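Colleague: Structure: model.cif, mmCIF, C-alpha atoms.
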data_structure
loop_
_atom_site.label_atom_id
_atom_site.label_comp_id
_atom_site.auth_asym_id
_atom_site.auth_seq_id
_atom_site.Cartn_x
_atom_site.Cartn_y
_atom_site.Cartn_z
CA MET A 1 108.02 99.98 242.20
CA THR A 2 105.22 97.76 240.96
CA ARG A 3 103.25 98.55 237.89
CA THR A 4 99.79 99.89 238.59
CA VAL A 5 97.12 97.37 237.71
CA GLY A 6 95.25 98.46 234.61
CA SER A 7 97.66 101.27 233.80
CA SER A 8 97.39 102.49 230.23
CA GLY A 9 99.99 103.23 227.57
CA PRO A 10 99.77 107.03 227.95
CA LYS A 11 100.03 106.75 231.75
CA THR A 12 103.02 104.43 231.46
CA LEU A 13 104.73 106.76 228.98
CA LYS A 14 104.13 109.68 231.34
CA SER A 15 105.66 107.65 234.18
CA ILE A 16 108.66 106.74 232.01
CA ARG A 17 109.25 110.37 231.09
CA LYS A 18 108.87 111.55 234.69
CA ALA A 19 111.22 108.86 236.01
CA GLY A 20 113.66 109.46 233.14
CA LEU A 21 113.76 113.16 233.89
CA ARG A 22 114.47 112.55 237.57
CA LEU A 23 117.10 109.85 236.96
CA ILE A 24 118.95 111.89 234.32
CA TYR A 25 118.84 114.94 236.62
CA GLU A 26 120.18 112.94 239.57
CA HIS A 27 122.71 110.66 237.83
CA GLY A 28 123.33 112.08 234.36
CA TYR A 29 122.31 110.69 231.00
CA GLU A 30 125.33 108.41 230.56
CA ALA A 31 124.96 106.90 234.03
CA MET A 32 121.23 106.19 233.78
CA SER A 33 120.49 102.71 232.48
CA LEU A 34 117.31 101.48 230.87
CA ARG A 35 117.23 98.71 233.46
CA GLN A 36 117.21 101.35 236.19
CA LEU A 37 114.48 103.30 234.37
CA ALA A 38 112.30 100.20 233.93
CA ALA A 39 112.69 99.29 237.61
CA GLU A 40 111.72 102.81 238.61
CA VAL A 41 108.53 102.63 236.54
CA GLY A 42 107.76 99.04 237.53
CA ILE A 43 107.91 97.40 234.12
CA GLN A 44 110.23 94.95 232.35
CA VAL A 45 113.13 96.45 230.38
CA GLY A 46 111.73 95.00 227.15
CA SER A 47 108.42 96.76 227.82
CA LEU A 48 110.14 100.14 227.67
CA TYR A 49 110.39 99.71 223.90
CA ASN A 50 106.61 99.75 223.66
CA HIS A 51 106.84 103.39 224.77
CA ILE A 52 110.26 104.75 223.76
CA SER A 53 112.50 103.81 220.84
CA THR A 54 115.85 104.37 222.54
CA LYS A 55 117.42 106.06 225.52
CA GLN A 56 118.65 108.74 223.09
CA ASP A 57 115.10 109.39 221.89
CA LEU A 58 113.93 109.76 225.48
CA LEU A 59 116.58 112.43 226.12
CA TYR A 60 115.72 114.23 222.90
CA ASP A 61 111.97 114.13 223.66
CA LEU A 62 112.51 115.51 227.16
CA MET A 63 114.63 118.38 225.81
CA ARG A 64 112.32 119.15 222.90
CA GLU A 65 109.24 119.16 225.11
CA HIS A 66 110.98 121.45 227.61
CA LEU A 67 112.07 123.95 224.96
CA GLU A 68 108.73 123.96 223.15
CA GLN A 69 106.98 124.59 226.45
CA VAL A 70 109.35 127.39 227.47
CA LEU A 71 108.90 129.06 224.07
CA ASP A 72 105.09 128.80 224.25
CA GLU A 73 104.98 130.13 227.81
CA LEU A 74 107.37 132.98 226.97
CA GLU A 75 105.21 134.10 224.05
CA GLU A 76 102.12 133.97 226.24
CA THR A 77 103.92 136.04 228.91
CA LEU A 78 105.07 138.71 226.44
CA LYS A 79 101.78 138.91 224.52
CA GLY A 80 100.40 142.44 224.62
CA VAL A 81 103.42 143.90 226.42
CA GLU A 82 104.71 147.05 224.79
CA GLY A 83 108.07 148.78 224.88
CA PRO A 84 111.56 147.28 225.25
CA VAL A 85 111.89 148.08 228.97
CA GLU A 86 108.61 146.37 229.90
CA LEU A 87 109.38 143.45 227.57
CA LEU A 88 112.78 143.01 229.18
CA LYS A 89 111.31 143.13 232.69
CA ARG A 90 108.77 140.45 231.71
CA PHE A 91 111.46 138.35 230.04
CA VAL A 92 113.67 138.47 233.15
CA ALA A 93 110.78 137.61 235.47
CA PHE A 94 109.63 134.77 233.22
CA HIS A 95 113.12 133.28 232.80
CA LEU A 96 113.86 133.39 236.52
CA THR A 97 110.49 131.99 237.57
CA TYR A 98 110.62 129.15 235.05
CA HIS A 99 114.16 128.27 236.05
CA MET A 100 113.33 128.34 239.77
CA VAL A 101 110.48 125.86 239.42
CA ARG A 102 111.71 123.66 236.54
CA LYS A 103 115.29 123.03 237.63
CA GLY A 104 115.40 119.44 236.42
CA GLU A 105 114.33 120.20 232.87
CA VAL A 106 116.62 123.24 232.67
CA PHE A 107 119.60 121.33 234.02
CA ILE A 108 119.12 118.51 231.53
CA ALA A 109 118.57 120.87 228.59
CA ASN A 110 121.86 122.60 229.38
CA SER A 111 124.16 119.89 230.72
CA GLU A 112 123.11 116.95 228.56
CA LEU A 113 123.10 118.76 225.22
CA ARG A 114 126.52 117.19 224.54
CA CYS A 115 124.96 113.71 224.69
CA LEU A 116 122.58 114.27 221.79
CA GLU A 117 123.24 112.64 218.43
CA PRO A 118 124.01 115.21 215.67
CA ASN A 119 120.50 115.34 214.15
CA HIS A 120 118.87 115.73 217.56
CA TYR A 121 121.51 118.23 218.63
CA GLU A 122 120.79 120.48 215.65
CA GLU A 123 117.03 120.46 216.28
CA ILE A 124 117.46 121.37 219.94
CA VAL A 125 119.94 124.13 219.14
CA VAL A 126 117.44 125.65 216.69
CA LEU A 127 114.82 125.80 219.47
CA ARG A 128 117.34 127.35 221.87
CA ARG A 129 118.21 129.97 219.26
CA HIS A 130 114.52 130.95 218.96
CA TYR A 131 114.48 131.65 222.70
CA GLU A 132 117.75 133.60 222.58
CA LYS A 133 116.50 135.56 219.55
CA ARG A 134 113.52 136.80 221.53
CA LEU A 135 115.86 138.46 224.03
CA ILE A 136 118.20 139.73 221.30
CA ASP A 137 115.23 141.38 219.56
CA ILE A 138 114.20 143.11 222.80
CA LEU A 139 117.74 144.41 223.33
CA GLU A 140 118.04 145.63 219.75
CA ALA A 141 114.69 147.45 220.00
CA GLY A 142 115.84 149.06 223.24
CA LYS A 143 119.13 150.12 221.68
CA ALA A 144 117.36 151.57 218.61
CA ALA A 145 115.08 153.58 220.92
CA GLY A 146 118.07 154.89 222.89
CA LEU A 147 116.94 153.05 226.02
CA PHE A 148 119.71 150.42 226.25
CA ALA A 149 123.44 150.73 225.76
CA THR A 150 124.71 147.54 224.14
CA VAL A 151 127.78 147.10 221.99
CA ASP A 152 126.54 143.77 220.68
CA ALA A 153 122.98 142.63 221.41
CA ARG A 154 123.79 138.94 220.86
CA VAL A 155 126.73 138.90 223.29
CA THR A 156 124.74 140.96 225.79
CA ALA A 157 121.85 138.49 225.52
CA TYR A 158 124.17 135.55 226.15
CA GLY A 159 125.60 137.31 229.21
CA ILE A 160 122.13 138.05 230.59
CA LEU A 161 120.93 134.49 229.93
CA ALA A 162 123.99 132.99 231.64
CA MET A 163 123.45 135.18 234.68
CA LEU A 164 119.72 134.46 234.90
CA THR A 165 120.12 130.72 234.33
CA GLY A 166 122.59 130.56 237.22
CA ILE A 167 119.56 130.79 239.53
CA CYS A 168 119.22 127.01 239.11
CA THR A 169 122.43 126.39 241.01
CA TRP A 170 121.62 128.22 244.21
CA PHE A 171 117.91 129.03 244.54
CA ARG A 172 116.07 127.28 247.37
CA PRO A 173 112.30 127.79 247.81
CA HIS A 174 112.64 128.51 251.53
CA GLY A 175 115.75 130.68 251.28
CA ARG A 176 116.32 134.15 252.70
CA LEU A 177 114.62 135.92 249.77
CA GLY A 178 111.37 134.98 248.08
CA LYS A 179 110.90 134.64 244.33
CA GLU A 180 109.53 138.16 243.88
CA GLN A 181 112.44 139.73 245.77
CA ILE A 182 114.96 137.76 243.72
CA ILE A 183 113.25 138.82 240.49
CA GLU A 184 113.40 142.44 241.65
CA VAL A 185 117.14 142.20 242.40
CA TYR A 186 117.95 140.61 239.04
CA THR A 187 115.72 142.98 237.07
CA ASP A 188 117.35 145.98 238.70
CA PHE A 189 120.80 144.57 237.96
CA VAL A 190 119.99 143.89 234.29
CA LEU A 191 118.40 147.30 233.70
CA LYS A 192 121.22 149.20 235.41
CA GLY A 193 123.73 147.29 233.31
CA LEU A 194 121.99 148.44 230.12
CA LYS A 195 121.66 152.14 231.00
CA PRO A 196 122.92 154.35 228.16
#
I need this file expressed as structure tokens, please.
Modeller:
Amino acid sequence: MTRTVGSSGPKTLKSIRKAGLRLIYEHGYEAMSLRQLAAEVGIQVGSLYNHISTKQDLLYDLMREHLEQVLDELEETLKGVEGPVELLKRFVAFHLTYHMVRKGEVFIANSELRCLEPNHYEEIVVLRRHYEKRLIDILEAGKAAGLFATVDARVTAYGILAMLTGICTWFRPHGRLGKEQIIEVYTDFVLKGLKP
């Protein structure tokens, strides 16, 4: 790929991040080289350092951006929704929809966590815990209201999240069921599993 004539720093950084996301998704963080990334963007390897500090920082930035975005979008989705049942339905629909359309980011945030340096790892885990806590709070509110039967809200949340996140491994946009039908199936399954 040749560099676009007159391309600017922000455009180049956006291209680097987009190419980095795709290459890490396709090949894995360890297998992706900066030489490969530079070639994909159409710049010299040395020019990458005008936009990113290290390969590790690129991975961290991609994960952080993903998690900050998912947290912001979740809060926007749940804003004004009342009652644990409705909140849970919205949470399930949001999680599934986001994971159906942002498979690359989700895959990297889950599978490449092990590649982060300790300081980056801790920061990303804190963001993940904020997301998990939102679901735990919904489950605890539902349990307190006698609407959900859960022995342990944290373990239940992890089970629900694992099930919902699995959508990334099999969902195809032109499959037998559409997004809305899949959301309905999963929502029904989650709610039935929590019946007191």
Colleague: Could you build a table of the residues in segment 94-169 of chain A lying no more than 8 Å from segment 47-70 of chain A, giving for each the nearest pair of atoms and their separation in Å rounded to one decimal place, using only C-alpha atoms, ordered by chain and ascending residue number, as JSON lines?
Modeller:
{"residue": "A:Tyr98", "atom": "CA", "partner": "A:Val70", "partner_atom": "CA", "distance": 7.9}
{"residue": "A:Glu105", "atom": "CA", "partner": "A:His66", "partner_atom": "CA", "distance": 6.4}
{"residue": "A:Val106", "atom": "CA", "partner": "A:His66", "partner_atom": "CA", "distance": 7.8}
{"residue": "A:Ile108", "atom": "CA", "partner": "A:Met63", "partner_atom": "CA", "distance": 7.3}
{"residue": "A:Ala109", "atom": "CA", "partner": "A:Met63", "partner_atom": "CA", "distance": 5.4}
{"residue": "A:Leu116", "atom": "CA", "partner": "A:Gln56", "partner_atom": "CA", "distance": 6.9}
{"residue": "A:Glu117", "atom": "CA", "partner": "A:Gln56", "partner_atom": "CA", "distance": 7.6}
{"residue": "A:His120", "atom": "CA", "partner": "A:Tyr60", "partner_atom": "CA", "distance": 6.4}
{"residue": "A:Ile124", "atom": "CA", "partner": "A:Arg64", "partner_atom": "CA", "distance": 6.3}
{"residue": "A:Leu127", "atom": "CA", "partner": "A:Leu67", "partner_atom": "CA", "distance": 6.4}
{"residue": "A:Arg128", "atom": "CA", "partner": "A:Leu67", "partner_atom": "CA", "distance": 7.0}
Colleague: Let me make sure I understand: among A:Pro118, A:Lys103, A:Ile138, A:Lys192, which one has the smallest atom-to-atom distance to Thr169 of chain A if we use only C-alpha atoms?
Modeller: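 Answer, going by the shortest atom-to-atom distance: A:Lys103.
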Colleague: Decode the PyMOL selection byres ((chain A and resi 14) around 12) for the given file into explicit residues and return them as a count of residues only.
Modeller: 21
Colleague: Report as a VMD selection string all protein, DNA and RNA residues lying within 9 Å of Ile182 of chain A, evaluated on all atoms listed in the file, omitting residues in the same chain fewer than 5 positions from it.
Modeller: chain A and resid 96 177 187
Colleague: Go through the shown structure with the PyMOL selection byres ((chain A and resi 141-157) around 10) and write out the matching residues as a ChimeraX atom specification.
Modeller: /A:83-85,87-88,132-140,158-163,191-196
Colleague: Pick the closest to Glu75 of chain A from A:Arg22, A:Phe107, A:Ala38, A:Tyr131: which is it, counting only C-alpha atoms?
Modeller: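 When distances to Glu75 of chain A are compared using only C-alpha atoms, the smallest one comes from A:Tyr131.
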Colleague: Report as JSON the centre and the edge lengths, in Å to one decimal, of the axis-aligned box holding every listed atom of segment 90-100 of chain A, padded by 4 Å on each side.
Modeller:
{"center_x": 111.5, "center_y": 134.4, "center_z": 234.9, "size_x": 13.4, "size_y": 20.2, "size_z": 17.7}
Colleague: At a cut-off of 12 Å, using all atoms listed in the file, what residues contact Ala39 of chain A? Leave out same-chain residues fewer than 3 positions from it and give the result as a PyMOL selection string.
Modeller: chain A and resi 1-3+15-16+19-20+23+32-36+42-48
Colleague: Quick one: everything within 12 Å of Val101 of chain A, counting all atoms listed in the file, minus sequence neighbours fewer than 5 positions away in the same chain. Send it as JSON, numbers by chain.
Modeller: {"A": [94, 95, 96, 106, 107, 165, 167, 168, 171, 172, 173, 179]}
Colleague: To one decimal place, how far is atom CA of Asp188 of chain A from atom CA of Gly166 of chain A in Å?
Modeller: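 So the two atoms, atom CA of Asp188 of chain A and atom CA of Gly166 of chain A, lie 16.4 Å apart.
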Colleague: How far is it from atom CA of Leu164 of chain A to atom CA of His27 of chain A, in Å with one decimal?
Modeller: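 Computed distance, atom CA of Leu164 of chain A to atom CA of His27 of chain A, equals 24.2 Å.
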Colleague: Atom CA of Ile183 of chain A and atom CA of Arg90 of chain A are how many Å apart?
Modeller: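 These atoms are spaced 10.0 Å apart.
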